[in-house]
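Printed here is model-v4.txt (compact mmCIF, C-alpha atoms):
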```txt
# COMPACT_ATOMS: atom_id res chain seq x y z
CA VAL A 1 212.85 39.98 111.66
CA ILE A 2 210.90 40.72 108.49
CA PRO A 3 209.40 44.23 108.54
CA ALA A 4 205.64 44.64 108.88
CA PRO A 5 204.01 45.16 105.47
CA PHE A 6 204.24 48.61 103.92
CA ARG A 7 203.80 50.15 100.51
CA TYR A 8 206.95 51.45 98.80
CA ARG A 9 206.71 54.56 96.66
CA ARG A 10 209.72 55.95 94.83
CA ALA A 11 209.51 59.73 94.53
CA ALA A 12 210.63 61.15 91.19
CA SER A 13 211.29 64.58 92.68
CA VAL A 14 211.11 66.51 95.94
CA ALA A 15 207.75 67.95 94.86
CA ALA A 16 206.46 64.44 94.18
CA ALA A 17 207.67 63.31 97.60
CA VAL A 18 205.84 66.19 99.31
CA HIS A 19 202.64 65.24 97.42
CA LEU A 20 202.98 61.58 98.35
CA LEU A 21 203.54 62.45 102.01
CA ALA A 22 200.62 64.91 102.08
CA ASP A 23 198.23 62.45 100.41
CA ASP A 24 198.96 59.54 102.75
CA PRO A 25 198.85 60.10 106.53
CA GLY A 26 200.68 56.80 107.06
CA ALA A 27 203.62 57.73 104.85
CA VAL A 28 207.14 58.44 106.09
CA LEU A 29 210.29 59.39 104.21
CA LEU A 30 213.05 56.93 103.40
CA ALA A 31 216.45 58.19 102.26
CA GLY A 32 219.58 56.12 102.94
CA GLY A 33 217.63 53.90 105.31
CA GLN A 34 220.53 53.25 107.68
CA SER A 35 218.56 54.41 110.72
CA LEU A 36 215.03 53.61 109.55
CA LEU A 37 215.49 50.09 108.19
CA PRO A 38 216.80 48.60 111.46
CA LEU A 39 213.73 50.09 113.15
CA LEU A 40 211.51 48.42 110.55
CA THR A 41 213.21 45.04 110.94
CA SER A 42 212.82 45.25 114.73
CA ARG A 43 209.23 46.49 114.16
CA ALA A 44 209.89 49.45 116.43
CA ARG A 45 208.25 51.37 113.57
CA THR A 46 205.49 50.09 111.29
CA PRO A 47 204.68 52.81 108.76
CA ALA A 48 201.98 52.10 106.16
CA THR A 49 203.99 53.66 103.34
CA LEU A 50 207.61 54.54 102.64
CA VAL A 51 208.34 57.41 100.25
CA ASP A 52 211.88 56.92 98.95
CA ILE A 53 213.93 60.00 98.11
CA GLY A 54 217.29 58.24 98.44
CA GLY A 55 217.63 57.96 94.68
CA LEU A 56 217.17 61.67 93.97
CA ASP A 57 220.59 62.57 92.61
CA ALA A 58 219.46 66.22 92.38
CA LEU A 59 219.89 66.27 96.18
CA ARG A 60 223.48 64.97 96.02
CA TYR A 61 225.83 67.93 95.74
CA THR A 62 228.36 70.01 97.63
CA GLY A 63 229.35 73.55 96.72
CA LEU A 64 229.87 77.16 97.75
CA ASP A 65 227.23 79.90 97.58
CA GLY A 66 229.26 82.99 98.45
CA ALA A 67 230.52 82.41 101.99
CA THR A 68 228.08 79.55 102.59
CA LEU A 69 228.79 75.89 102.04
CA VAL A 70 225.69 74.24 100.54
CA ILE A 71 225.17 70.50 100.72
CA GLY A 72 222.34 68.48 99.21
CA ALA A 73 220.44 66.39 101.74
CA ALA A 74 220.93 63.09 99.90
CA THR A 75 224.73 63.45 99.99
CA ARG A 76 226.13 60.22 101.43
CA HIS A 77 228.34 60.35 104.51
CA ALA A 78 231.24 58.93 102.48
CA GLU A 79 230.77 61.65 99.85
CA LEU A 80 230.63 64.34 102.53
CA ALA A 81 233.80 63.02 104.18
CA ALA A 82 235.67 63.03 100.87
CA ALA A 83 234.36 66.24 99.24
CA ALA A 84 237.22 68.68 98.67
CA VAL A 85 235.02 71.75 99.18
CA VAL A 86 233.80 70.43 102.53
CA ARG A 87 237.28 69.47 103.69
CA ALA A 88 238.53 72.94 102.74
CA HIS A 89 235.74 75.06 104.25
CA ALA A 90 234.15 72.93 107.00
CA PRO A 91 236.64 70.18 107.86
CA LEU A 92 234.72 69.55 111.09
CA LEU A 93 231.76 68.33 109.05
CA ALA A 94 233.96 66.09 106.91
CA ARG A 95 235.56 64.63 110.03
CA ALA A 96 232.20 63.94 111.64
CA ALA A 97 230.90 62.31 108.45
CA GLY A 98 233.90 59.99 108.39
CA LEU A 99 233.12 58.81 111.92
CA VAL A 100 229.50 57.80 111.32
CA GLY A 101 228.86 54.06 111.61
CA ASP A 102 231.10 51.99 109.35
CA ALA A 103 232.09 52.09 105.68
CA GLN A 104 228.96 50.28 104.48
CA ILE A 105 226.72 52.63 106.46
CA ARG A 106 228.63 55.70 105.24
CA ALA A 107 228.08 54.51 101.67
CA ARG A 108 224.27 54.59 102.09
CA GLY A 109 223.44 56.99 104.92
CA THR A 110 222.57 60.57 104.01
CA LEU A 111 223.24 63.93 105.67
CA GLY A 112 219.57 64.90 105.53
CA GLY A 113 218.54 61.61 107.03
CA SER A 114 220.93 62.01 109.94
CA LEU A 115 219.72 65.56 110.62
CA ALA A 116 216.03 64.78 110.25
CA PHE A 117 216.21 61.55 112.22
CA GLY A 118 217.69 63.55 115.08
CA SER A 119 219.45 60.92 117.15
CA PRO A 120 220.83 62.84 120.13
CA ALA A 121 224.25 61.17 119.80
CA ALA A 122 224.64 61.31 116.02
CA ASP A 123 227.90 62.93 114.88
CA LEU A 124 226.65 65.12 112.04
CA PRO A 125 223.96 67.09 113.93
CA VAL A 126 226.48 68.03 116.65
CA ALA A 127 229.03 69.19 114.09
CA ALA A 128 226.40 71.10 112.10
CA LEU A 129 225.09 72.80 115.25
CA ALA A 130 228.58 73.99 116.23
CA LEU A 131 229.01 75.38 112.71
CA GLY A 132 225.78 77.40 112.95
CA ALA A 133 224.32 75.57 109.97
CA ARG A 134 220.70 75.93 108.85
CA ALA A 135 218.45 73.38 107.20
CA VAL A 136 216.31 74.11 104.15
CA LEU A 137 212.99 72.27 104.15
CA THR A 138 210.29 71.92 101.50
CA GLY A 139 206.71 71.12 102.46
CA PRO A 140 203.12 71.59 101.30
CA ASP A 141 203.32 75.28 102.28
CA GLY A 142 206.57 75.89 100.42
CA ARG A 143 210.14 76.33 101.47
CA ARG A 144 211.53 77.40 104.84
CA VAL A 145 214.92 77.71 106.49
CA ALA A 146 215.27 76.37 110.04
CA GLU A 147 217.88 76.66 112.77
CA LEU A 148 219.26 73.29 113.82
CA ALA A 149 218.95 73.96 117.55
CA ASP A 150 215.17 73.58 117.44
CA LEU A 151 214.86 71.66 114.18
CA ALA A 152 211.53 69.86 113.95
CA VAL A 153 210.87 68.28 110.57
CA ALA A 154 207.15 67.77 109.96
CA ARG A 155 206.06 64.40 108.54
CA THR A 156 205.08 66.12 105.29
CA GLU A 157 208.35 68.04 104.91
CA VAL A 158 211.51 67.10 103.05
CA LEU A 159 214.87 68.37 104.32
CA VAL A 160 216.54 69.31 101.04
CA GLU A 161 219.74 71.19 101.89
CA LEU A 162 222.15 72.11 104.67
CA ARG A 163 223.62 75.62 104.56
CA VAL A 164 226.85 76.01 106.52
CA PRO A 165 228.35 79.48 106.98
CA VAL A 166 232.07 79.13 106.33
CA PRO A 167 233.67 79.90 109.71
CA VAL A 168 235.62 83.15 109.81
CA ASP A 169 237.93 81.58 112.40
CA PRO A 170 239.03 78.24 110.92
CA ARG A 171 240.03 76.62 114.21
CA TRP A 172 237.88 73.66 115.24
CA SER A 173 237.90 70.48 117.26
CA TYR A 174 235.77 67.37 117.45
CA GLN A 175 236.12 65.15 120.49
CA ARG A 176 234.09 62.01 121.03
CA PHE A 177 234.29 59.04 123.33
CA SER A 178 232.79 55.71 122.30
CA LEU A 179 232.93 52.28 123.85
CA ARG A 180 234.06 50.62 120.64
CA THR A 181 234.88 51.40 117.03
CA PRO A 182 232.64 51.73 115.13
CA GLY A 183 230.25 52.98 117.74
CA TRP A 184 227.98 55.81 118.72
CA PRO A 185 229.63 58.51 120.81
CA VAL A 186 228.77 58.23 124.49
CA VAL A 187 229.38 61.99 124.46
CA ALA A 188 230.56 64.20 121.60
CA VAL A 189 231.82 67.79 121.72
CA ALA A 190 232.29 70.04 118.69
CA VAL A 191 233.98 73.44 118.92
CA VAL A 192 234.27 76.05 116.15
CA GLY A 193 236.44 79.14 116.57
CA CYS A 194 238.85 80.27 119.28
CA LEU A 195 238.13 83.87 120.27
CA SER A 196 234.38 83.41 120.60
CA PRO A 197 233.86 79.68 120.19
CA ARG A 198 230.61 77.90 119.48
CA VAL A 199 230.45 74.73 121.58
CA ALA A 200 227.97 71.94 120.83
CA LEU A 201 227.33 68.77 122.83
CA GLY A 202 226.02 65.41 121.60
CA ALA A 203 224.27 62.79 123.74
CA MET A 204 223.85 65.24 126.63
CA GLY A 205 220.08 65.57 126.19
CA PRO A 206 217.23 64.55 123.92
CA ARG A 207 218.88 66.48 121.08
CA PRO A 208 222.27 68.07 120.41
CA LEU A 209 222.60 71.34 122.29
CA ARG A 210 224.87 74.35 122.64
CA ALA A 211 226.95 74.51 125.83
CA ALA A 212 225.62 77.97 126.66
CA ALA A 213 227.37 78.31 130.03
CA VAL A 214 230.72 77.42 128.46
CA GLU A 215 230.23 79.90 125.63
CA ARG A 216 229.29 82.66 128.09
CA ALA A 217 232.38 82.00 130.22
CA LEU A 218 234.64 82.02 127.16
CA ALA A 219 233.09 85.24 125.88
CA ALA A 220 233.85 86.78 129.29
CA GLY A 221 237.49 85.81 128.90
CA ALA A 222 237.71 82.58 130.87
CA SER A 223 240.39 80.05 130.01
CA GLY A 224 239.31 76.88 128.22
CA ALA A 225 240.01 74.77 131.29
CA ALA A 226 237.93 77.05 133.52
CA ALA A 227 235.05 77.34 131.03
CA ALA A 228 234.94 73.58 130.45
CA ALA A 229 233.98 73.05 134.10
CA ALA A 230 230.53 74.39 133.16
CA ALA A 231 230.05 71.97 130.24
CA ALA A 232 227.35 69.91 131.98
CA GLU A 233 225.29 72.92 133.10
CA GLY A 234 221.81 72.97 131.64
CA THR A 235 222.16 69.46 130.17
CA ASP A 236 219.93 66.44 130.71
CA PRO A 237 222.08 63.44 129.76
CA PRO A 238 220.53 59.99 129.50
CA ASP A 239 221.27 57.20 131.97
CA ASP A 240 221.57 54.04 129.86
CA LEU A 241 223.58 50.90 129.16
CA ALA A 242 226.43 52.86 127.57
CA ALA A 243 226.97 55.24 130.50
CA SER A 244 225.39 56.79 133.57
CA ALA A 245 224.25 60.39 133.44
CA ALA A 246 226.96 61.31 135.96
CA TYR A 247 229.66 59.76 133.76
CA ARG A 248 228.33 61.64 130.75
CA ARG A 249 228.56 64.93 132.70
CA HIS A 250 232.16 64.06 133.53
CA LEU A 251 232.90 63.22 129.87
CA ALA A 252 231.32 66.49 128.73
CA ARG A 253 233.68 68.46 130.96
CA VAL A 254 236.77 66.46 129.95
CA LEU A 255 236.04 66.44 126.21
CA THR A 256 235.13 70.14 126.21
CA ALA A 257 238.44 70.95 127.90
CA ARG A 258 240.31 68.89 125.29
CA ALA A 259 238.41 70.53 122.45
CA LEU A 260 239.05 74.04 123.74
CA ALA A 261 242.73 73.22 124.21
CA GLU A 262 242.90 72.03 120.62
CA VAL A 263 241.50 75.32 119.29
CA GLY A 264 243.95 77.25 121.49
CA ARG A 265 241.87 78.31 124.50
CA MET B 1 195.65 42.86 104.49
CA THR B 2 197.29 42.18 101.17
CA VAL B 3 201.02 42.73 101.19
CA PRO B 4 201.99 45.38 98.62
CA ARG B 5 204.16 44.01 95.83
CA THR B 6 206.35 45.57 93.16
CA THR B 7 208.03 44.18 90.04
CA VAL B 8 211.76 44.82 90.00
CA THR B 9 214.41 44.34 87.33
CA LEU B 10 218.01 44.30 88.45
CA THR B 11 221.33 42.64 87.76
CA VAL B 12 222.45 39.91 90.14
CA ASP B 13 226.00 38.71 89.51
CA GLU B 14 225.84 40.06 85.94
CA GLU B 15 222.54 38.30 85.16
CA THR B 16 219.53 40.56 84.53
CA VAL B 17 216.49 39.26 86.40
CA THR B 18 212.90 40.37 86.89
CA ASP B 19 210.90 39.34 89.96
CA ARG B 20 207.67 40.33 91.64
CA ILE B 21 208.45 40.79 95.32
CA SER B 22 206.74 42.22 98.36
CA ASP B 23 207.79 45.80 99.07
CA ARG B 24 208.96 44.88 102.56
CA THR B 25 211.47 42.28 101.35
CA LEU B 26 215.01 43.04 102.48
CA LEU B 27 217.68 42.68 99.80
CA VAL B 28 219.41 39.96 101.87
CA HIS B 29 216.26 37.83 101.93
CA TYR B 30 215.55 38.40 98.23
CA LEU B 31 219.07 37.33 97.29
CA ARG B 32 218.98 34.22 99.47
CA GLU B 33 215.43 33.02 99.03
CA VAL B 34 214.45 34.17 95.54
CA ARG B 35 217.86 34.22 93.85
CA GLY B 36 219.46 31.31 95.74
CA ARG B 37 222.49 33.34 96.70
CA THR B 38 222.99 31.63 100.05
CA GLY B 39 226.54 32.95 100.17
CA VAL B 40 224.90 36.15 101.37
CA LYS B 41 224.67 35.47 105.10
CA ALA B 42 221.84 36.81 107.25
CA GLY B 43 223.53 37.52 110.56
CA CYS B 44 222.13 40.24 112.78
CA ASP B 45 219.47 41.90 110.57
CA SER B 46 220.42 45.18 112.22
CA ALA B 47 223.32 46.59 110.17
CA THR B 48 225.84 45.50 112.79
CA CYS B 49 227.68 42.34 111.72
CA GLY B 50 228.35 42.86 108.01
CA ALA B 51 227.84 39.19 107.06
CA CYS B 52 225.21 40.24 104.49
CA THR B 53 227.54 42.70 102.73
CA VAL B 54 227.12 42.81 98.94
CA LEU B 55 228.22 45.25 96.26
CA LEU B 56 225.49 47.59 95.02
CA ASP B 57 226.75 49.25 91.85
CA GLY B 58 230.25 48.36 93.01
CA THR B 59 229.92 49.82 96.51
CA ALA B 60 229.83 47.61 99.62
CA VAL B 61 226.50 47.88 101.48
CA LYS B 62 224.74 45.80 104.09
CA SER B 63 221.92 44.00 102.31
CA CYS B 64 219.85 43.77 105.53
CA THR B 65 219.63 47.55 105.44
CA VAL B 66 218.55 47.92 101.81
CA LEU B 67 215.10 47.03 100.52
CA ALA B 68 215.08 44.75 97.51
CA VAL B 69 212.85 47.28 95.71
CA GLN B 70 215.58 49.88 96.20
CA ALA B 71 217.89 47.69 94.09
CA ASP B 72 215.49 47.98 91.14
CA GLY B 73 217.53 49.16 88.15
CA HIS B 74 220.84 48.57 89.91
CA ALA B 75 223.57 45.91 89.86
CA VAL B 76 224.20 43.61 92.82
CA THR B 77 227.30 41.46 93.22
CA THR B 78 227.35 38.62 95.73
CA VAL B 79 230.22 36.32 96.65
CA ALA B 80 229.00 33.94 93.94
CA GLY B 81 229.67 36.63 91.33
CA LEU B 82 233.23 37.41 92.34
CA ALA B 83 234.73 34.64 90.21
CA ALA B 84 233.67 31.92 87.77
CA PRO B 85 232.61 28.58 89.31
CA GLY B 86 235.67 26.68 90.51
CA GLU B 87 237.83 29.78 90.48
CA LEU B 88 238.78 32.21 93.22
CA HIS B 89 238.84 35.99 93.17
CA PRO B 90 242.36 37.33 93.90
CA VAL B 91 241.17 38.58 97.31
CA ALA B 92 239.80 35.11 98.11
CA VAL B 93 243.15 33.59 97.12
CA GLN B 94 244.83 35.81 99.70
CA PHE B 95 242.21 34.93 102.32
CA ARG B 96 243.11 31.26 101.82
CA ARG B 97 246.83 31.95 101.85
CA HIS B 98 246.65 34.01 105.06
CA HIS B 99 244.22 31.75 106.93
CA ALA B 100 241.68 34.56 107.05
CA ALA B 101 238.70 32.26 107.60
CA GLN B 102 237.74 29.68 110.17
CA CYS B 103 234.02 28.84 110.29
CA GLY B 104 233.47 30.92 107.16
CA PHE B 105 230.18 32.59 108.06
CA CYS B 106 231.62 36.10 107.97
CA THR B 107 233.90 35.43 105.00
CA PRO B 108 231.59 36.38 102.08
CA GLY B 109 230.83 39.71 103.74
CA PHE B 110 234.50 40.35 104.39
CA LEU B 111 235.41 39.46 100.80
CA LEU B 112 232.89 41.89 99.36
CA ALA B 113 233.78 44.64 101.84
CA ALA B 114 237.44 44.12 100.90
CA VAL B 115 236.72 44.16 97.16
CA GLY B 116 234.73 47.37 97.62
CA LEU B 117 237.57 48.86 99.65
CA LEU B 118 240.22 47.96 97.08
CA ALA B 119 238.10 49.47 94.32
CA ARG B 120 237.94 52.89 95.94
CA THR B 121 241.35 53.26 97.61
CA ARG B 122 245.05 52.79 97.07
CA ASP B 123 248.16 52.90 99.25
CA LEU B 124 246.29 51.11 102.03
CA THR B 125 247.85 50.69 105.46
CA GLY B 126 246.87 48.12 108.06
CA ALA B 127 245.16 50.87 110.05
CA ASP B 128 243.14 51.83 106.95
CA VAL B 129 242.02 48.24 106.47
CA ARG B 130 240.99 47.90 110.10
CA ARG B 131 239.02 51.16 109.99
CA GLU B 132 237.33 50.45 106.67
CA LEU B 133 236.42 46.85 107.51
CA ALA B 134 235.22 47.74 111.01
CA GLY B 135 231.64 47.08 109.90
CA ASN B 136 232.33 43.35 109.56
CA LEU B 137 232.57 41.08 112.59
CA CYS B 138 234.48 37.79 112.83
CA ARG B 139 233.92 35.69 115.94
CA CYS B 140 236.51 32.96 115.20
CA THR B 141 239.89 34.04 113.95
CA GLY B 142 240.35 37.60 115.01
CA TYR B 143 241.31 40.03 112.33
CA GLN B 144 245.07 39.72 111.82
CA GLY B 145 244.85 37.18 109.00
CA ILE B 146 242.06 39.14 107.32
CA VAL B 147 244.05 42.38 107.42
CA GLU B 148 247.14 40.61 106.07
CA ALA B 149 245.09 39.07 103.26
CA VAL B 150 243.61 42.40 102.21
CA LEU B 151 247.02 44.10 102.31
CA ALA B 152 248.50 41.27 100.22
CA ALA B 153 245.68 41.61 97.68
CA ALA B 154 246.27 45.36 97.56
CA ALA B 155 250.00 44.88 97.03
CA GLU B 156 249.65 42.44 94.15
CA ARG B 157 247.04 44.26 92.11
CA GLU B 158 248.00 46.11 88.97
CA PRO B 159 248.98 49.74 89.55
CA ARG B 160 246.19 52.00 88.34
```

When written as structure tokens, how does the structure in this file appear?
Amino acid sequence: VIPAPFRYRRAASVAAAVHLLADDPGAVLLAGGQSLLPLLTSRARTPATLVDIGGLDALRYTGLDGATLVIGAATRHAELAAAAVVRAHAPLLARAAGLVGDAQIRARGTLGGSLAFGSPAADLPVAALALGARAVLTGPDGRRVAELADLAVARTEVLVELRVPVPVDPRWSYQRFSLRTPGWPVVAVAVVGCLSPRVALGAMGPRPLRAAAVERALAAGASGAAAAAAAAEGTDPPDDLAASAAYRRHLARVLTARALAEVGR
Amino acid sequence: MTVPRTTVTLTVDEETVTDRISDRTLLVHYLREVRGRTGVKAGCDSATCGACTVLLDGTAVKSCTVLAVQADGHAVTTVAGLAAPGELHPVAVQFRRHHAAQCGFCTPGFLLAAVGLLARTRDLTGADVRRELAGNLCRCTGYQGIVEAVLAAAAEREPR
């Protein structure tokens, strides 16, 4: 279907985008558009104005800042998957980026868009959460750094950068189950580290979450297989066409066990 | 309400054009209805089927998931721009040779996705082709002929 009418504004900079968003209560951000445009064509969303930051090449970069991997928010999934610095220091993030959608979508979709859009099953937010990454946001009141676990991007804010601490323990695993390829994960599990692993779950609630019970059990010395039995604790998985909530709880336990086995627990 | 409009200048199949279009126009609809590029197929309108795939600055994208205004200042290649009239692009030659089309609706999208793939990779395997063309759906032939055609096109191109 043809989208409902809207006004298109191309932002020349992040500061200009923040101004445009603040001046127009009906304005929303557009970056790669791979999540937003299908919602416009189905008219699930009918914003009055789109503020396009997808062309801001100043937000397309990957690099190291000391022991932190820094990634510009407009970096395309395909760029993230291929970047040597990402593959060297956070291969989990590169792997997740390479699994998003299909090649055409990875050529347009952006890291910042995926994080800000916040689909509970999206690959990149789960991977970034397991890595302990933080998001840098710019808004009318200036710049702030936010944890991903409770990331809430205001309508007038622009997510400009992801900061990923380079894991001290390089072991990682990413396990996902999907009904077809390409396809959204029905459940995704990301694990970083072996001795004291961070475990993140995708599609097990309204947003990606840490498997706190699993992490506690592992910290207390439990085996991976024993800790994985707690993977569904504290989750609220959806019951939908892809899978029942009970099946998702089962998948969470199975995929967590596989992930912990891969990192050596 | 009046529908907001913007003037865009872009390159379509190596021709520079300027048009005044409504901001909400999808690139697929602009190419078909304003530029007459009916080889760009409007399939699902939801970034699923890949029939609307075009090259945007040489990279394969789904033109149902790009606004025409976002192509302002950029270069778009459709299936009509792959070869001169009456001629076939080398990838299209291999599609014909390997029976990689039946009804033909998905074929332009596959050709452009394949051209984009060949431009950014080398030493392709069949598994690579299947993964990288997974965003294009064919409902007639299955994919074996398409994969063979793309591998044949990859094998015959000049070494870089």

- Task: Write out as a list in words each polymer residue whose atoms come within 7 Å of stretch 30-34 of chain B, counting all atoms listed in the file; drop sequence neighbours fewer than 5 positions from it.
- Result: Thr25, Val40 and Ala68 of chain B

Within 6 Å of chain B, which residues belong to chain A? Use all atoms listed in the file and report them as a short mmCIF file (atom, residue, chain, number, x, y, z; two decimals) with C-alpha atoms, in the frame of the given file.
```
data_model
loop_
_atom_site.label_atom_id
_atom_site.label_comp_id
_atom_site.auth_asym_id
_atom_site.auth_seq_id
_atom_site.Cartn_x
_atom_site.Cartn_y
_atom_site.Cartn_z
CA PRO A 5 204.01 45.16 105.47
CA ARG A 7 203.80 50.15 100.51
CA TYR A 8 206.95 51.45 98.80
CA LEU A 37 215.49 50.09 108.19
CA PRO A 38 216.80 48.60 111.46
CA ASP A 102 231.10 51.99 109.35
CA ALA A 103 232.09 52.09 105.68
CA GLN A 104 228.96 50.28 104.48
#
```

- Could you give me, as a VMD selection string, the residues that sit within 9 Å of (243.6, 39.0, 106.8) in the file's coordinates, counting only C-alpha atoms? chain B and resid 94 to 95 98 to 101 142 to 152

For the selection just defined, write its residues with C-alpha atoms to a file, as a PDB file, in the coordinates of the input.
```
ATOM      1  CA  GLN B  94     244.830  35.810  99.700  1.00  0.00           C
ATOM      2  CA  PHE B  95     242.210  34.930 102.320  1.00  0.00           C
ATOM      3  CA  HIS B  98     246.650  34.010 105.060  1.00  0.00           C
ATOM      4  CA  HIS B  99     244.220  31.750 106.930  1.00  0.00           C
ATOM      5  CA  ALA B 100     241.680  34.560 107.050  1.00  0.00           C
ATOM      6  CA  ALA B 101     238.700  32.260 107.600  1.00  0.00           C
ATOM      7  CA  GLY B 142     240.350  37.600 115.010  1.00  0.00           C
ATOM      8  CA  TYR B 143     241.310  40.030 112.330  1.00  0.00           C
ATOM      9  CA  GLN B 144     245.070  39.720 111.820  1.00  0.00           C
ATOM     10  CA  GLY B 145     244.850  37.180 109.000  1.00  0.00           C
ATOM     11  CA  ILE B 146     242.060  39.140 107.320  1.00  0.00           C
ATOM     12  CA  VAL B 147     244.050  42.380 107.420  1.00  0.00           C
ATOM     13  CA  GLU B 148     247.140  40.610 106.070  1.00  0.00           C
ATOM     14  CA  ALA B 149     245.090  39.070 103.260  1.00  0.00           C
ATOM     15  CA  VAL B 150     243.610  42.400 102.210  1.00  0.00           C
ATOM     16  CA  LEU B 151     247.020  44.100 102.310  1.00  0.00           C
ATOM     17  CA  ALA B 152     248.500  41.270 100.220  1.00  0.00           C
TER      18      ALA B 152
END
```

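Closest to A:Ala107 among B:Ala84, B:Thr77, B:Pro90, B:Arg120 is B:Arg120, based on all atoms listed in the file.
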
- Residue nearest B:Asp72 among B:Val12, B:Val93, B:Ala51, B:Cys103 (counting only C-alpha atoms): B:Val12

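Relative to atom CA of A:Arg9, atom CA of A:Thr49 is found at 7.3 Å.
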
- Message: Using all atoms listed in the file - which residues lie no farther than 10 Å from the point (217.6, 59.6, 119.8) in the file's frame? Write them as a list in words.
- Response: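 Those within range, by chain then number, are Phe117, Gly118, Ser119, Pro120, Ala121, Ala122, Ala203, Gly205, Pro206, Arg207 and Pro208 of chain A.
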
- Could you check which of A:Val186, A:Ala261, A:Val51, A:Leu80 is closest to A:Met204, using all atoms listed in the file?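 Among the listed residues, the smallest separation from A:Met204 belongs to A:Val186.
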
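The interatomic distance for the pair atom CA of B:Leu118 and atom CA of B:Ala153 works out to 8.4 Å.
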
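Put simply, atom CA of A:Gly139 is 12.3 Å away from atom CA of A:Asp23.
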
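Nearest residue to A:Thr110, choosing from A:Leu20, A:Val136, A:Val164, A:Ala31 and counting all atoms listed in the file: A:Ala31.
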
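Here the question is which of A:Leu59, A:Val166, A:Val160, A:Ala22 gets nearest to A:Pro91 using all atoms listed in the file, and that residue is A:Val166.
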
- Quick one: everything within 6 Å of A:Leu137, counting only C-alpha atoms, minus sequence neighbours fewer than 3 positions away in the same chain. Send it as a ChimeraX atom specification. /A:143-144,158-160

- Message: My list of candidates is A:Ala12, A:Ala82, A:Ala230, A:Val199. Which is closest to B:Thr121 when distances are computed with all atoms listed in the file?
- Response: A:Ala82

Your completed stretch 250-254 of chain A with all heavy atoms, as a PDB file, in the frame of the given file:
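And here is the file that came out, selection.pdb:
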```pdb
ATOM      1  N   HIS A 250     230.702  64.064 133.406  1.00  0.00           N
ATOM      2  CA  HIS A 250     232.160  64.060 133.530  1.00  0.00           C
ATOM      3  C   HIS A 250     232.819  64.111 132.142  1.00  0.00           C
ATOM      4  O   HIS A 250     233.728  64.907 131.883  1.00  0.00           O
ATOM      5  CB  HIS A 250     232.605  62.808 134.296  1.00  0.00           C
ATOM      6  CG  HIS A 250     234.074  62.542 134.236  1.00  0.00           C
ATOM      7  ND1 HIS A 250     234.995  63.278 134.956  1.00  0.00           N
ATOM      8  CD2 HIS A 250     234.795  61.636 133.527  1.00  0.00           C
ATOM      9  CE1 HIS A 250     236.205  62.829 134.697  1.00  0.00           C
ATOM     10  NE2 HIS A 250     236.118  61.839 133.841  1.00  0.00           N
ATOM     11  N   LEU A 251     232.327  63.238 131.229  1.00  0.00           N
ATOM     12  CA  LEU A 251     232.900  63.220 129.870  1.00  0.00           C
ATOM     13  C   LEU A 251     232.727  64.569 129.187  1.00  0.00           C
ATOM     14  O   LEU A 251     233.626  65.027 128.473  1.00  0.00           O
ATOM     15  CB  LEU A 251     232.224  62.132 129.032  1.00  0.00           C
ATOM     16  CG  LEU A 251     232.700  60.694 129.224  1.00  0.00           C
ATOM     17  CD1 LEU A 251     231.849  59.764 128.359  1.00  0.00           C
ATOM     18  CD2 LEU A 251     234.172  60.556 128.848  1.00  0.00           C
ATOM     19  N   ALA A 252     231.569  65.194 129.379  1.00  0.00           N
ATOM     20  CA  ALA A 252     231.320  66.490 128.730  1.00  0.00           C
ATOM     21  C   ALA A 252     232.365  67.501 129.166  1.00  0.00           C
ATOM     22  O   ALA A 252     232.893  68.262 128.346  1.00  0.00           O
ATOM     23  CB  ALA A 252     229.907  66.985 129.053  1.00  0.00           C
ATOM     24  N   ARG A 253     232.676  67.504 130.462  1.00  0.00           N
ATOM     25  CA  ARG A 253     233.680  68.460 130.960  1.00  0.00           C
ATOM     26  C   ARG A 253     235.071  68.135 130.394  1.00  0.00           C
ATOM     27  O   ARG A 253     235.787  69.023 129.914  1.00  0.00           O
ATOM     28  CB  ARG A 253     233.697  68.446 132.495  1.00  0.00           C
ATOM     29  CG  ARG A 253     232.439  69.051 133.116  1.00  0.00           C
ATOM     30  CD  ARG A 253     232.546  69.183 134.634  1.00  0.00           C
ATOM     31  NE  ARG A 253     232.422  67.911 135.316  1.00  0.00           N
ATOM     32  CZ  ARG A 253     231.262  67.422 135.817  1.00  0.00           C
ATOM     33  NH1 ARG A 253     230.141  68.118 135.710  1.00  0.00           N
ATOM     34  NH2 ARG A 253     231.244  66.256 136.416  1.00  0.00           N
ATOM     35  N   VAL A 254     235.433  66.855 130.416  1.00  0.00           N
ATOM     36  CA  VAL A 254     236.770  66.460 129.950  1.00  0.00           C
ATOM     37  C   VAL A 254     236.928  66.714 128.455  1.00  0.00           C
ATOM     38  O   VAL A 254     237.926  67.286 127.997  1.00  0.00           O
ATOM     39  CB  VAL A 254     237.025  64.975 130.281  1.00  0.00           C
ATOM     40  CG1 VAL A 254     238.290  64.479 129.602  1.00  0.00           C
ATOM     41  CG2 VAL A 254     237.094  64.771 131.791  1.00  0.00           C
TER      42      VAL A 254
END
```
